[in-house]
>>> print(open('entry28.cif').read())   # mmCIF, C-alpha atoms
data_my_file
#
loop_
_atom_site.label_atom_id
_atom_site.label_comp_id
_atom_site.auth_asym_id
_atom_site.auth_seq_id
_atom_site.Cartn_x
_atom_site.Cartn_y
_atom_site.Cartn_z
CA MET G 281 -24.08 -7.12 5.85
CA PRO G 282 -20.78 -5.71 4.49
CA PRO G 283 -18.39 -8.19 2.86
CA ALA G 284 -15.67 -9.82 4.97
CA ILE G 285 -12.81 -12.29 4.69
CA PRO G 286 -14.33 -15.71 5.48
CA GLY G 287 -13.02 -17.32 8.65
CA PHE G 288 -11.02 -14.31 9.83
CA ALA G 289 -11.42 -12.77 13.30
CA HIS G 290 -11.39 -9.00 13.73
CA HIS G 291 -9.29 -7.14 16.27
CA THR G 292 -8.66 -3.53 17.25
CA VAL G 293 -4.95 -3.27 17.99
CA PRO G 294 -3.22 -0.25 19.60
CA VAL G 295 -0.05 0.75 17.71
CA ALA G 296 0.61 4.33 18.86
CA ASP G 297 -0.83 6.91 21.24
CA GLY G 298 -4.42 7.35 20.14
CA VAL G 299 -4.07 5.08 17.12
CA ARG G 300 -5.61 1.61 16.82
CA LEU G 301 -5.67 -0.45 13.66
CA HIS G 302 -8.67 -2.53 12.70
CA THR G 303 -7.17 -5.88 11.72
CA ALA G 304 -8.47 -9.17 10.33
CA VAL G 305 -6.44 -12.22 11.37
CA GLY G 306 -6.79 -15.81 10.20
CA GLY G 307 -4.89 -19.05 9.70
CA SER G 308 -1.82 -20.41 11.44
CA GLY G 309 1.85 -20.74 10.61
CA SER G 310 4.54 -18.23 9.71
CA PRO G 311 3.12 -14.68 9.66
CA VAL G 312 2.33 -12.67 6.53
CA VAL G 313 1.07 -9.09 6.75
CA LEU G 314 -0.96 -7.69 3.83
CA LEU G 315 -1.39 -3.92 3.35
CA HIS G 316 -4.12 -2.44 1.14
CA GLY G 317 -4.00 0.38 -1.38
CA PHE G 318 -6.14 3.37 -2.42
CA PRO G 319 -9.09 3.73 -2.37
CA GLN G 320 -9.47 0.36 -0.69
CA THR G 321 -9.45 -1.27 2.73
CA HIS G 322 -8.13 -4.58 4.06
CA LEU G 323 -10.99 -6.20 2.14
CA MET G 324 -8.98 -6.05 -1.11
CA TRP G 325 -6.96 -9.05 0.11
CA ARG G 326 -10.03 -11.24 0.80
CA GLU G 327 -9.24 -13.99 -1.73
CA VAL G 328 -5.46 -13.96 -1.34
CA ALA G 329 -5.73 -13.94 2.45
CA ALA G 330 -8.19 -16.82 2.53
CA GLY G 331 -5.85 -18.92 0.40
CA LEU G 332 -2.72 -18.10 2.40
CA ALA G 333 -4.45 -18.92 5.69
CA ALA G 334 -4.12 -22.63 4.90
CA ASP G 335 -0.49 -22.51 6.04
CA HIS G 336 0.23 -18.98 7.31
CA THR G 337 -0.98 -16.63 9.98
CA VAL G 338 -2.37 -13.85 7.82
CA ILE G 339 -2.67 -10.34 9.27
CA VAL G 340 -4.68 -7.84 7.25
CA PRO G 341 -5.06 -4.35 8.74
CA ASP G 342 -6.70 -1.17 7.61
CA LEU G 343 -3.90 1.37 7.45
CA ARG G 344 -3.90 4.38 9.74
CA GLY G 345 -6.41 6.83 8.28
CA TYR G 346 -8.33 4.22 6.27
CA GLY G 347 -11.27 1.87 6.72
CA ALA G 348 -12.19 1.16 10.33
CA SER G 349 -8.78 2.12 11.73
CA ASP G 350 -8.26 5.33 13.68
CA LYS G 351 -7.80 8.53 11.69
CA PRO G 352 -5.69 10.94 13.73
CA ALA G 353 -5.83 14.59 12.76
CA GLU G 354 -2.88 15.76 10.68
CA THR G 355 -0.83 17.77 13.19
CA GLY G 356 2.31 17.81 11.04
CA PRO G 357 3.96 15.94 8.18
CA GLU G 358 4.93 13.06 10.45
CA THR G 359 1.33 12.07 11.20
CA TYR G 360 0.94 10.26 7.89
CA ALA G 361 4.59 9.86 6.91
CA LYS G 362 5.22 6.39 5.56
CA ARG G 363 7.86 6.07 8.28
CA THR G 364 5.13 6.54 10.90
CA MET G 365 2.73 4.20 9.13
CA ALA G 366 5.47 1.57 8.77
CA GLN G 367 6.14 1.79 12.50
CA ASP G 368 2.43 1.12 13.03
CA ILE G 369 2.75 -2.16 11.13
CA VAL G 370 5.82 -3.34 13.02
CA ARG G 371 4.07 -2.59 16.31
CA LEU G 372 0.90 -4.29 15.11
CA ALA G 373 2.77 -7.50 14.33
CA ARG G 374 4.55 -7.32 17.67
CA GLU G 375 1.27 -6.84 19.55
CA LEU G 376 0.01 -9.98 17.83
CA GLY G 377 3.13 -11.89 18.89
CA HIS G 378 5.33 -11.66 15.79
CA GLU G 379 8.76 -10.04 15.83
CA ARG G 380 9.50 -11.00 12.22
CA PHE G 381 7.09 -11.39 9.31
CA ALA G 382 6.73 -11.34 5.55
CA LEU G 383 5.10 -8.18 4.21
CA ALA G 384 3.08 -7.51 1.07
CA GLY G 385 1.59 -4.19 0.04
CA HIS G 386 -0.42 -2.79 -2.83
CA ASP G 387 -0.34 0.85 -3.97
CA ARG G 388 -0.27 3.02 -0.80
CA GLY G 389 0.26 -0.11 1.25
CA ALA G 390 3.30 -0.96 -0.84
CA LEU G 391 4.78 2.45 -0.05
CA VAL G 392 4.33 1.70 3.65
CA ALA G 393 5.74 -1.79 3.10
CA TYR G 394 8.97 -0.75 1.40
CA ARG G 395 9.50 1.95 4.05
CA ALA G 396 9.08 -0.76 6.70
CA GLY G 397 11.65 -2.85 4.84
CA LEU G 398 14.15 0.01 4.80
CA ASP G 399 13.58 1.11 8.40
CA HIS G 400 13.01 -2.30 10.01
CA PRO G 401 15.05 -4.96 8.16
CA GLU G 402 15.19 -7.00 11.35
CA ALA G 403 11.40 -7.35 11.27
CA VAL G 404 10.63 -7.82 7.55
CA SER G 405 11.77 -11.16 6.16
CA HIS G 406 10.32 -10.88 2.62
CA LEU G 407 8.74 -7.98 0.73
CA LEU G 408 6.16 -7.95 -2.07
CA CYS G 409 5.16 -4.64 -3.69
CA LEU G 410 2.24 -4.45 -6.11
CA ASP G 411 1.96 -1.77 -8.82
CA VAL G 412 4.04 1.11 -7.45
CA LEU G 413 7.42 2.75 -7.67
CA PRO G 414 9.19 4.10 -4.60
CA ILE G 415 7.89 7.58 -3.81
CA LEU G 416 10.91 9.60 -4.92
CA ASP G 417 11.11 7.67 -8.19
CA SER G 418 7.38 8.10 -8.81
CA TRP G 419 7.69 11.87 -8.80
CA GLU G 420 10.77 11.73 -11.00
CA ALA G 421 8.98 9.47 -13.52
CA MET G 422 5.98 11.74 -13.99
CA ARG G 423 6.58 14.51 -16.50
CA GLY G 424 4.77 16.03 -19.43
CA THR G 425 1.23 15.23 -20.49
CA SER G 426 1.62 11.51 -19.77
CA ALA G 427 1.75 12.41 -16.07
CA ALA G 428 -1.92 13.42 -16.21
CA VAL G 429 -2.69 9.84 -15.14
CA GLY G 430 -1.46 10.91 -11.69
CA PHE G 431 -3.54 14.09 -11.41
CA HIS G 432 -4.78 13.09 -7.96
CA LEU G 433 -1.21 13.11 -6.63
CA TYR G 434 -0.87 16.79 -7.46
CA LEU G 435 -4.33 17.67 -6.13
CA MET G 436 -3.76 16.03 -2.77
CA ALA G 437 -0.26 17.49 -2.50
CA GLN G 438 -1.74 20.94 -1.94
CA PRO G 439 -1.80 22.59 1.52
CA PRO G 440 -4.67 21.68 3.86
CA GLY G 441 -8.06 23.04 2.92
CA LEU G 442 -8.66 23.08 -0.82
CA PRO G 443 -8.19 19.40 -1.70
CA GLU G 444 -10.26 18.21 1.27
CA THR G 445 -13.08 20.62 0.37
CA MET G 446 -13.10 19.68 -3.30
CA ILE G 447 -12.99 15.93 -2.71
CA ALA G 448 -15.55 15.91 0.11
CA ALA G 449 -17.98 17.85 -2.08
CA SER G 450 -18.10 14.96 -4.57
CA ALA G 451 -16.52 12.05 -2.72
CA ASP G 452 -18.31 9.19 -4.44
CA ALA G 453 -17.54 10.59 -7.89
CA PHE G 454 -13.89 11.16 -6.97
CA PHE G 455 -13.16 7.81 -5.36
CA GLY G 456 -15.47 5.95 -7.71
CA TYR G 457 -13.50 7.25 -10.68
CA PHE G 458 -10.38 5.39 -9.52
CA VAL G 459 -12.25 2.22 -8.55
CA ASP G 460 -13.73 2.05 -12.06
CA ALA G 461 -10.90 3.46 -14.21
CA TRP G 462 -8.10 1.41 -12.68
CA ALA G 463 -9.84 -1.97 -12.91
CA LYS G 464 -9.80 -4.02 -16.10
CA SER G 465 -12.81 -5.94 -14.81
CA PRO G 466 -15.46 -4.41 -12.52
CA LEU G 467 -15.23 -5.03 -8.79
CA PRO G 468 -18.26 -6.66 -7.11
CA ASP G 469 -20.98 -4.16 -6.29
CA ASP G 470 -20.85 -4.76 -2.53
CA VAL G 471 -17.07 -4.37 -2.47
CA ARG G 472 -17.21 -1.18 -4.54
CA ALA G 473 -19.87 0.23 -2.20
CA ALA G 474 -17.75 -0.65 0.85
CA TYR G 475 -14.73 1.17 -0.60
CA LEU G 476 -16.75 4.28 -1.41
CA ALA G 477 -18.31 4.39 2.04
CA ALA G 478 -14.94 3.95 3.76
CA SER G 479 -13.26 6.59 1.59
CA ARG G 480 -16.13 9.05 1.98
CA ALA G 481 -15.62 8.86 5.76
CA ALA G 482 -11.85 9.36 5.55
CA VAL G 483 -11.26 12.30 3.19
CA PRO G 484 -8.98 14.35 5.52
CA SER G 485 -6.75 11.40 6.44
CA ILE G 486 -6.51 10.08 2.88
CA VAL G 487 -5.47 13.52 1.66
CA ALA G 488 -2.97 13.78 4.51
CA ASP G 489 -1.47 10.43 3.49
CA TYR G 490 -0.96 11.69 -0.06
CA ARG G 491 0.27 15.09 1.10
CA ALA G 492 3.00 13.37 3.10
CA SER G 493 4.12 11.62 -0.07
CA ALA G 494 4.76 14.98 -1.73
CA GLY G 495 6.87 16.18 1.18
CA ILE G 496 8.33 14.27 4.10
CA ASP G 497 8.27 10.88 2.32
CA VAL G 498 10.34 12.32 -0.53
CA GLU G 499 12.80 13.68 2.02
CA HIS G 500 13.16 10.27 3.63
CA ASP G 501 13.69 8.54 0.27
CA ARG G 502 16.21 11.15 -0.82
CA ALA G 503 18.20 10.74 2.40
CA ASP G 504 18.22 6.95 2.01
CA ARG G 505 19.31 7.19 -1.61
CA ALA G 506 22.18 9.50 -0.64
CA ALA G 507 23.23 7.14 2.15
CA GLY G 508 23.07 4.11 -0.14
CA ARG G 509 20.48 2.32 2.00
CA ARG G 510 18.83 -0.60 0.25
CA LEU G 511 16.36 -3.35 1.03
CA ALA G 512 18.19 -6.28 2.59
CA MET G 513 15.49 -8.94 2.19
CA PRO G 514 14.24 -10.82 -0.90
CA VAL G 515 11.90 -8.51 -2.82
CA THR G 516 9.35 -9.20 -5.53
CA VAL G 517 7.63 -6.44 -7.49
CA LEU G 518 4.56 -7.18 -9.61
CA GLN G 519 3.15 -4.31 -11.62
CA GLN G 520 1.49 -3.21 -14.81
CA ASP G 521 3.89 -2.03 -17.49
CA TRP G 522 3.71 1.65 -16.54
CA GLY G 523 7.30 2.09 -17.65
CA ALA G 524 6.26 1.63 -21.26
CA VAL G 525 3.66 4.39 -20.84
CA LEU G 526 5.72 6.90 -18.87
CA GLY G 527 9.14 6.11 -20.34
CA TYR G 528 11.18 4.56 -17.55
CA ASP G 529 12.71 1.17 -16.77
CA ALA G 530 10.70 -0.04 -13.78
CA GLU G 531 12.95 -3.01 -13.07
CA ALA G 532 16.06 -0.81 -13.04
CA VAL G 533 14.35 1.66 -10.72
CA TRP G 534 13.48 -1.06 -8.25
CA ARG G 535 16.84 -2.83 -8.51
CA ALA G 536 18.56 0.34 -7.31
CA TRP G 537 16.68 -0.19 -4.02
CA ALA G 538 16.50 -3.98 -3.94
CA PRO G 539 19.54 -6.07 -4.95
CA ASP G 540 17.69 -9.37 -4.36
CA LEU G 541 14.83 -8.57 -6.74
CA VAL G 542 12.38 -10.49 -8.88
CA HIS G 543 10.46 -8.05 -11.10
CA ARG G 544 7.39 -9.07 -13.06
CA THR G 545 4.69 -7.39 -15.09
CA THR G 546 1.09 -8.54 -15.30
CA ASP G 547 -1.84 -8.17 -17.66
CA ALA G 548 -4.19 -7.67 -14.70
CA GLY G 549 -5.50 -4.24 -13.83
CA HIS G 550 -4.32 -2.10 -10.94
CA PHE G 551 -6.47 -3.99 -8.45
CA MET G 552 -4.57 -7.17 -9.21
CA ALA G 553 -5.08 -8.90 -5.86
CA GLU G 554 -8.81 -8.75 -6.61
CA GLU G 555 -8.71 -9.18 -10.38
CA ALA G 556 -6.04 -11.92 -10.45
CA PRO G 557 -5.84 -13.36 -6.91
CA ASP G 558 -4.40 -16.70 -8.04
CA GLU G 559 -1.54 -14.95 -9.84
CA VAL G 560 -0.78 -12.72 -6.86
CA THR G 561 -0.94 -15.66 -4.44
CA LYS G 562 1.43 -17.68 -6.63
CA VAL G 563 3.91 -14.80 -6.83
CA LEU G 564 3.76 -14.31 -3.06
CA ARG G 565 4.27 -17.99 -2.33
CA GLU G 566 7.27 -18.07 -4.66
CA LEU G 567 8.73 -15.10 -2.80
CA LEU G 568 8.28 -16.84 0.56
CA GLU G 569 10.33 -19.78 -0.73
CA ARG G 570 13.34 -17.56 -1.43
CA GLY G 571 16.29 -17.17 0.96
#
>>> encode(input="entry28.cif", output="structure tokens")
Amino acid sequence: MPPAIPGFAHHTVPVADGVRLHTAVGGSGSPVVLLHGFPQTHLMWREVAAGLAADHTVIVPDLRGYGASDKPAETGPETYAKRTMAQDIVRLARELGHERFALAGHDRGALVAYRAGLDHPEAVSHLLCLDVLPILDSWEAMRGTSAAVGFHLYLMAQPPGLPETMIAASADAFFGYFVDAWAKSPLPDDVRAAYLAASRAAVPSIVADYRASAGIDVEHDRADRAAGRRLAMPVTVLQQDWGAVLGYDAEAVWRAWAPDLVHRTTDAGHFMAEEAPDEVTKVLRELLERG
């Protein structure tokens, strides 16, 4: 039997025409939505979610295009734009009876989360982002040979066809590389196997998600930067010290978007919600106590 979050019920929730999100829900109390990263599924939050469920309603979906959620064909850049995926999450919460909620995201999920915070400040009360920069800033930070760490971003930015063919031809090796290289301590075998199986079945939609982040998502960030739009809610960012590696000030980058910011670095690996769930839970609870 595949791993699951203990005590959580599973739902299939419609959020757009032809798009339903597979969602685990548990606990009771004020709502917190948790969004997974790459190459993961909702399962990455299993320990954090179980702990939060003691006093919160915890909503843990697979993003559009990932896991057991629907994977619409990429008909244009909007299909997997973070603006579209953020709208999914707001509609998901609403379908489950919540007009306003706290939101945490890791990696790709954090990109969806901060877009939700920018586009839907009336819905997002608190925002936690794990181990990312905003999309526009990510591209600006990567230059020279040090940017080789993000080689997959450039591969999946290519027009439809080549990246899907290359990745599908060796999917387990491709996705397994990130699962292994980005973790400071190995993930459990059953969890690793679940991630590889889910990613293997979602190559076109995962590539489309990344392709959007080299195009339409950059356009949306650039327009917001020019308009001076910023995140209105309390924000916490927890990340590895990538700034020291790539030569940027991560806290300054985030503060330009989030005036009410707490920025922290961690010694955990990229999969910090799995490698250091107590630390992530503590940081999230401290965020929920703010303003």
>>> residues_near_point(input="entry28.cif", point="(-10.4, 7.4, 9.2)", cutoff="9 Å", atoms="only C-alpha atoms", output="number ranges by chain")
G: 344-352, 478-479, 481-486
>>> residues_around(input="entry28.cif", residues="Trp462 (chain G)", least_positions_apart="5", cutoff="9 Å", atoms="all atoms listed in the file", output="list in words")
Tyr457, Gly549, His550 and Phe551 of chain G
>>> atom_distance(input="entry28.cif", atom1="CA of Val563 (chain G)", atom2="CA of Tyr490 (chain G)")
27.8 Å
>>> residues_near_point(input="entry28.cif", point="(-1.9, -10.9, -19.5)", cutoff="12 Å", atoms="all atoms listed in the file", output="list in words")
Lys464, Gln519, Gln520, Asp521, Arg544, Thr545, Thr546, Asp547, Ala548, Gly549, Met552, Glu555, Ala556 and Glu559 of chain G
>>> atom_distance(input="entry28.cif", atom1="CA of Leu413 (chain G)", atom2="CA of Arg509 (chain G)")
16.3 Å
>>> atom_distance(input="entry28.cif", atom1="CA of Arg510 (chain G)", atom2="CA of Ala437 (chain G)")
26.4 Å
>>> resolve_selection(input="entry28.cif", expression="the PyMOL selection byres ((chain G and resi 410) around 10)", output="ChimeraX atom specification")
/G:316-317,384-391,408-409,411-413,516-520,544-545,550-553,560
>>> write_last_selection(input="entry28.cif", atoms="C-alpha atoms", output="PDB file, in the frame of the given file")
ATOM      1  CA  HIS G 316      -4.120  -2.440   1.140  1.00  0.00           C
ATOM      2  CA  GLY G 317      -4.000   0.380  -1.380  1.00  0.00           C
ATOM      3  CA  ALA G 384       3.080  -7.510   1.070  1.00  0.00           C
ATOM      4  CA  GLY G 385       1.590  -4.190   0.040  1.00  0.00           C
ATOM      5  CA  HIS G 386      -0.420  -2.790  -2.830  1.00  0.00           C
ATOM      6  CA  ASP G 387      -0.340   0.850  -3.970  1.00  0.00           C
ATOM      7  CA  ARG G 388      -0.270   3.020  -0.800  1.00  0.00           C
ATOM      8  CA  GLY G 389       0.260  -0.110   1.250  1.00  0.00           C
ATOM      9  CA  ALA G 390       3.300  -0.960  -0.840  1.00  0.00           C
ATOM     10  CA  LEU G 391       4.780   2.450  -0.050  1.00  0.00           C
ATOM     11  CA  LEU G 408       6.160  -7.950  -2.070  1.00  0.00           C
ATOM     12  CA  CYS G 409       5.160  -4.640  -3.690  1.00  0.00           C
ATOM     13  CA  ASP G 411       1.960  -1.770  -8.820  1.00  0.00           C
ATOM     14  CA  VAL G 412       4.040   1.110  -7.450  1.00  0.00           C
ATOM     15  CA  LEU G 413       7.420   2.750  -7.670  1.00  0.00           C
ATOM     16  CA  THR G 516       9.350  -9.200  -5.530  1.00  0.00           C
ATOM     17  CA  VAL G 517       7.630  -6.440  -7.490  1.00  0.00           C
ATOM     18  CA  LEU G 518       4.560  -7.180  -9.610  1.00  0.00           C
ATOM     19  CA  GLN G 519       3.150  -4.310 -11.620  1.00  0.00           C
ATOM     20  CA  GLN G 520       1.490  -3.210 -14.810  1.00  0.00           C
ATOM     21  CA  ARG G 544       7.390  -9.070 -13.060  1.00  0.00           C
ATOM     22  CA  THR G 545       4.690  -7.390 -15.090  1.00  0.00           C
ATOM     23  CA  HIS G 550      -4.320  -2.100 -10.940  1.00  0.00           C
ATOM     24  CA  PHE G 551      -6.470  -3.990  -8.450  1.00  0.00           C
ATOM     25  CA  MET G 552      -4.570  -7.170  -9.210  1.00  0.00           C
ATOM     26  CA  ALA G 553      -5.080  -8.900  -5.860  1.00  0.00           C
ATOM     27  CA  VAL G 560      -0.780 -12.720  -6.860  1.00  0.00           C
TER      28      VAL G 560
END
>>> resolve_selection(input="entry28.cif", expression="the PyMOL selection byres ((chain G and resi 331-337) around 10)", output="list of chain:residue names")
G:Gly287, G:Phe288, G:Val305, G:Gly306, G:Gly307, G:Ser308, G:Gly309, G:Ser310, G:Pro311, G:Val312, G:Val313, G:Trp325, G:Arg326, G:Glu327, G:Val328, G:Ala329, G:Ala330, G:Val338, G:Ile339, G:Val340, G:His378, G:Phe381, G:Pro557, G:Asp558, G:Thr561, G:Lys562, G:Leu564, G:Arg565
>>> closest_residue(input="entry28.cif", among="G:Ala524, G:Leu407, G:Ala530, G:Ala536", to="Ala506 (chain G)", atoms="all atoms listed in the file")
G:Ala536
>>> resolve_selection(input="entry28.cif", expression="the PyMOL selection byres ((chain G and resi 372) around 10)", output="PDB file with C-alpha atoms, keeping the file's coordinate frame")
ATOM      1  CA  THR G 292      -8.660  -3.530  17.250  1.00  0.00           C
ATOM      2  CA  VAL G 293      -4.950  -3.270  17.990  1.00  0.00           C
ATOM      3  CA  PRO G 294      -3.220  -0.250  19.600  1.00  0.00           C
ATOM      4  CA  VAL G 295      -0.050   0.750  17.710  1.00  0.00           C
ATOM      5  CA  ALA G 296       0.610   4.330  18.860  1.00  0.00           C
ATOM      6  CA  ARG G 300      -5.610   1.610  16.820  1.00  0.00           C
ATOM      7  CA  LEU G 301      -5.670  -0.450  13.660  1.00  0.00           C
ATOM      8  CA  THR G 303      -7.170  -5.880  11.720  1.00  0.00           C
ATOM      9  CA  VAL G 313       1.070  -9.090   6.750  1.00  0.00           C
ATOM     10  CA  ILE G 339      -2.670 -10.340   9.270  1.00  0.00           C
ATOM     11  CA  PRO G 341      -5.060  -4.350   8.740  1.00  0.00           C
ATOM     12  CA  ALA G 366       5.470   1.570   8.770  1.00  0.00           C
ATOM     13  CA  GLN G 367       6.140   1.790  12.500  1.00  0.00           C
ATOM     14  CA  ASP G 368       2.430   1.120  13.030  1.00  0.00           C
ATOM     15  CA  ILE G 369       2.750  -2.160  11.130  1.00  0.00           C
ATOM     16  CA  VAL G 370       5.820  -3.340  13.020  1.00  0.00           C
ATOM     17  CA  ARG G 371       4.070  -2.590  16.310  1.00  0.00           C
ATOM     18  CA  ALA G 373       2.770  -7.500  14.330  1.00  0.00           C
ATOM     19  CA  ARG G 374       4.550  -7.320  17.670  1.00  0.00           C
ATOM     20  CA  GLU G 375       1.270  -6.840  19.550  1.00  0.00           C
ATOM     21  CA  LEU G 376       0.010  -9.980  17.830  1.00  0.00           C
ATOM     22  CA  GLY G 377       3.130 -11.890  18.890  1.00  0.00           C
ATOM     23  CA  HIS G 378       5.330 -11.660  15.790  1.00  0.00           C
ATOM     24  CA  GLU G 379       8.760 -10.040  15.830  1.00  0.00           C
TER      25      GLU G 379
END
>>> residues_around(input="entry28.cif", residues="Glu354 (chain G)", least_positions_apart="5", cutoff="10 Å", atoms="only C-alpha atoms", output="JSON, numbers by chain")
{"G": [345, 359, 360, 440, 484, 485, 487, 488, 489, 492]}
>>> closest_residue(input="entry28.cif", among="G:Ala451, G:His432, G:Ala538, G:Leu442", to="Arg505 (chain G)", atoms="only C-alpha atoms")
G:Ala538
>>> closest_residue(input="entry28.cif", among="G:Ala382, G:Leu323, G:Tyr475, G:Ser493", to="Phe455 (chain G)", atoms="all atoms listed in the file")
G:Tyr475
>>> residues_around(input="entry28.cif", residues="Gly424 (chain G)", least_positions_apart="6", cutoff="12 Å", atoms="only C-alpha atoms", output="PyMOL selection string")
chain G and resi 430-431+525-527
>>> axis_aligned_box(input="entry28.cif", around="region 298-303 of chain G", padding_each_side="8 Å", output="JSON")
{"center_x": -6.4, "center_y": 0.7, "center_z": 15.9, "size_x": 20.6, "size_y": 29.2, "size_z": 24.4}
>>> build_atoms(input="entry28.cif", residues="region 420-427 of chain G", atoms="all heavy atoms", output="mmCIF file, keeping the file's coordinate frame")
data_model
loop_
_atom_site.group_PDB
_atom_site.id
_atom_site.type_symbol
_atom_site.label_atom_id
_atom_site.label_comp_id
_atom_site.auth_asym_id
_atom_site.auth_seq_id
_atom_site.Cartn_x
_atom_site.Cartn_y
_atom_site.Cartn_z
ATOM 1 N N GLU G 420 9.788 11.497 -9.938
ATOM 2 C CA GLU G 420 10.770 11.730 -11.000
ATOM 3 C C GLU G 420 10.295 11.148 -12.335
ATOM 4 O O GLU G 420 10.658 11.652 -13.399
ATOM 5 C CB GLU G 420 12.112 11.116 -10.608
ATOM 6 C CG GLU G 420 12.776 11.851 -9.442
ATOM 7 C CD GLU G 420 14.068 11.194 -8.989
ATOM 8 O OE1 GLU G 420 14.335 10.032 -9.403
ATOM 9 O OE2 GLU G 420 14.808 11.822 -8.210
ATOM 10 N N ALA G 421 9.456 10.107 -12.292
ATOM 11 C CA ALA G 421 8.980 9.470 -13.520
ATOM 12 C C ALA G 421 7.869 10.242 -14.194
ATOM 13 O O ALA G 421 7.649 10.107 -15.403
ATOM 14 C CB ALA G 421 8.500 8.051 -13.213
ATOM 15 N N MET G 422 7.148 11.050 -13.429
ATOM 16 C CA MET G 422 5.980 11.740 -13.990
ATOM 17 C C MET G 422 6.372 13.099 -14.537
ATOM 18 O O MET G 422 6.778 13.994 -13.787
ATOM 19 C CB MET G 422 4.891 11.889 -12.918
ATOM 20 C CG MET G 422 4.265 10.573 -12.553
ATOM 21 S SD MET G 422 2.784 10.758 -11.537
ATOM 22 C CE MET G 422 3.478 11.530 -10.090
ATOM 23 N N ARG G 423 6.259 13.228 -15.848
ATOM 24 C CA ARG G 423 6.580 14.510 -16.500
ATOM 25 C C ARG G 423 5.789 14.607 -17.797
ATOM 26 O O ARG G 423 5.435 13.601 -18.422
ATOM 27 C CB ARG G 423 8.078 14.616 -16.765
ATOM 28 C CG ARG G 423 8.664 13.505 -17.611
ATOM 29 C CD ARG G 423 10.149 13.733 -17.875
ATOM 30 N NE ARG G 423 10.921 13.682 -16.669
ATOM 31 C CZ ARG G 423 11.469 12.566 -16.164
ATOM 32 N NH1 ARG G 423 11.280 11.413 -16.791
ATOM 33 N NH2 ARG G 423 12.163 12.586 -15.071
ATOM 34 N N GLY G 424 5.492 15.816 -18.185
ATOM 35 C CA GLY G 424 4.770 16.030 -19.430
ATOM 36 C C GLY G 424 3.320 15.598 -19.336
ATOM 37 O O GLY G 424 2.788 15.290 -18.266
ATOM 38 N N THR G 425 2.662 15.529 -20.471
ATOM 39 C CA THR G 425 1.230 15.230 -20.490
ATOM 40 C C THR G 425 0.923 13.810 -20.048
ATOM 41 O O THR G 425 -0.177 13.537 -19.557
ATOM 42 C CB THR G 425 0.657 15.460 -21.895
ATOM 43 O OG1 THR G 425 1.386 14.650 -22.843
ATOM 44 C CG2 THR G 425 0.764 16.922 -22.301
ATOM 45 N N SER G 426 1.877 12.887 -20.200
ATOM 46 C CA SER G 426 1.620 11.510 -19.770
ATOM 47 C C SER G 426 1.410 11.425 -18.261
ATOM 48 O O SER G 426 0.790 10.475 -17.764
ATOM 49 C CB SER G 426 2.758 10.587 -20.202
ATOM 50 O OG SER G 426 3.982 10.976 -19.616
ATOM 51 N N ALA G 427 1.907 12.413 -17.518
ATOM 52 C CA ALA G 427 1.750 12.410 -16.070
ATOM 53 C C ALA G 427 0.338 12.756 -15.628
ATOM 54 O O ALA G 427 0.024 12.685 -14.437
ATOM 55 C CB ALA G 427 2.743 13.384 -15.433
#
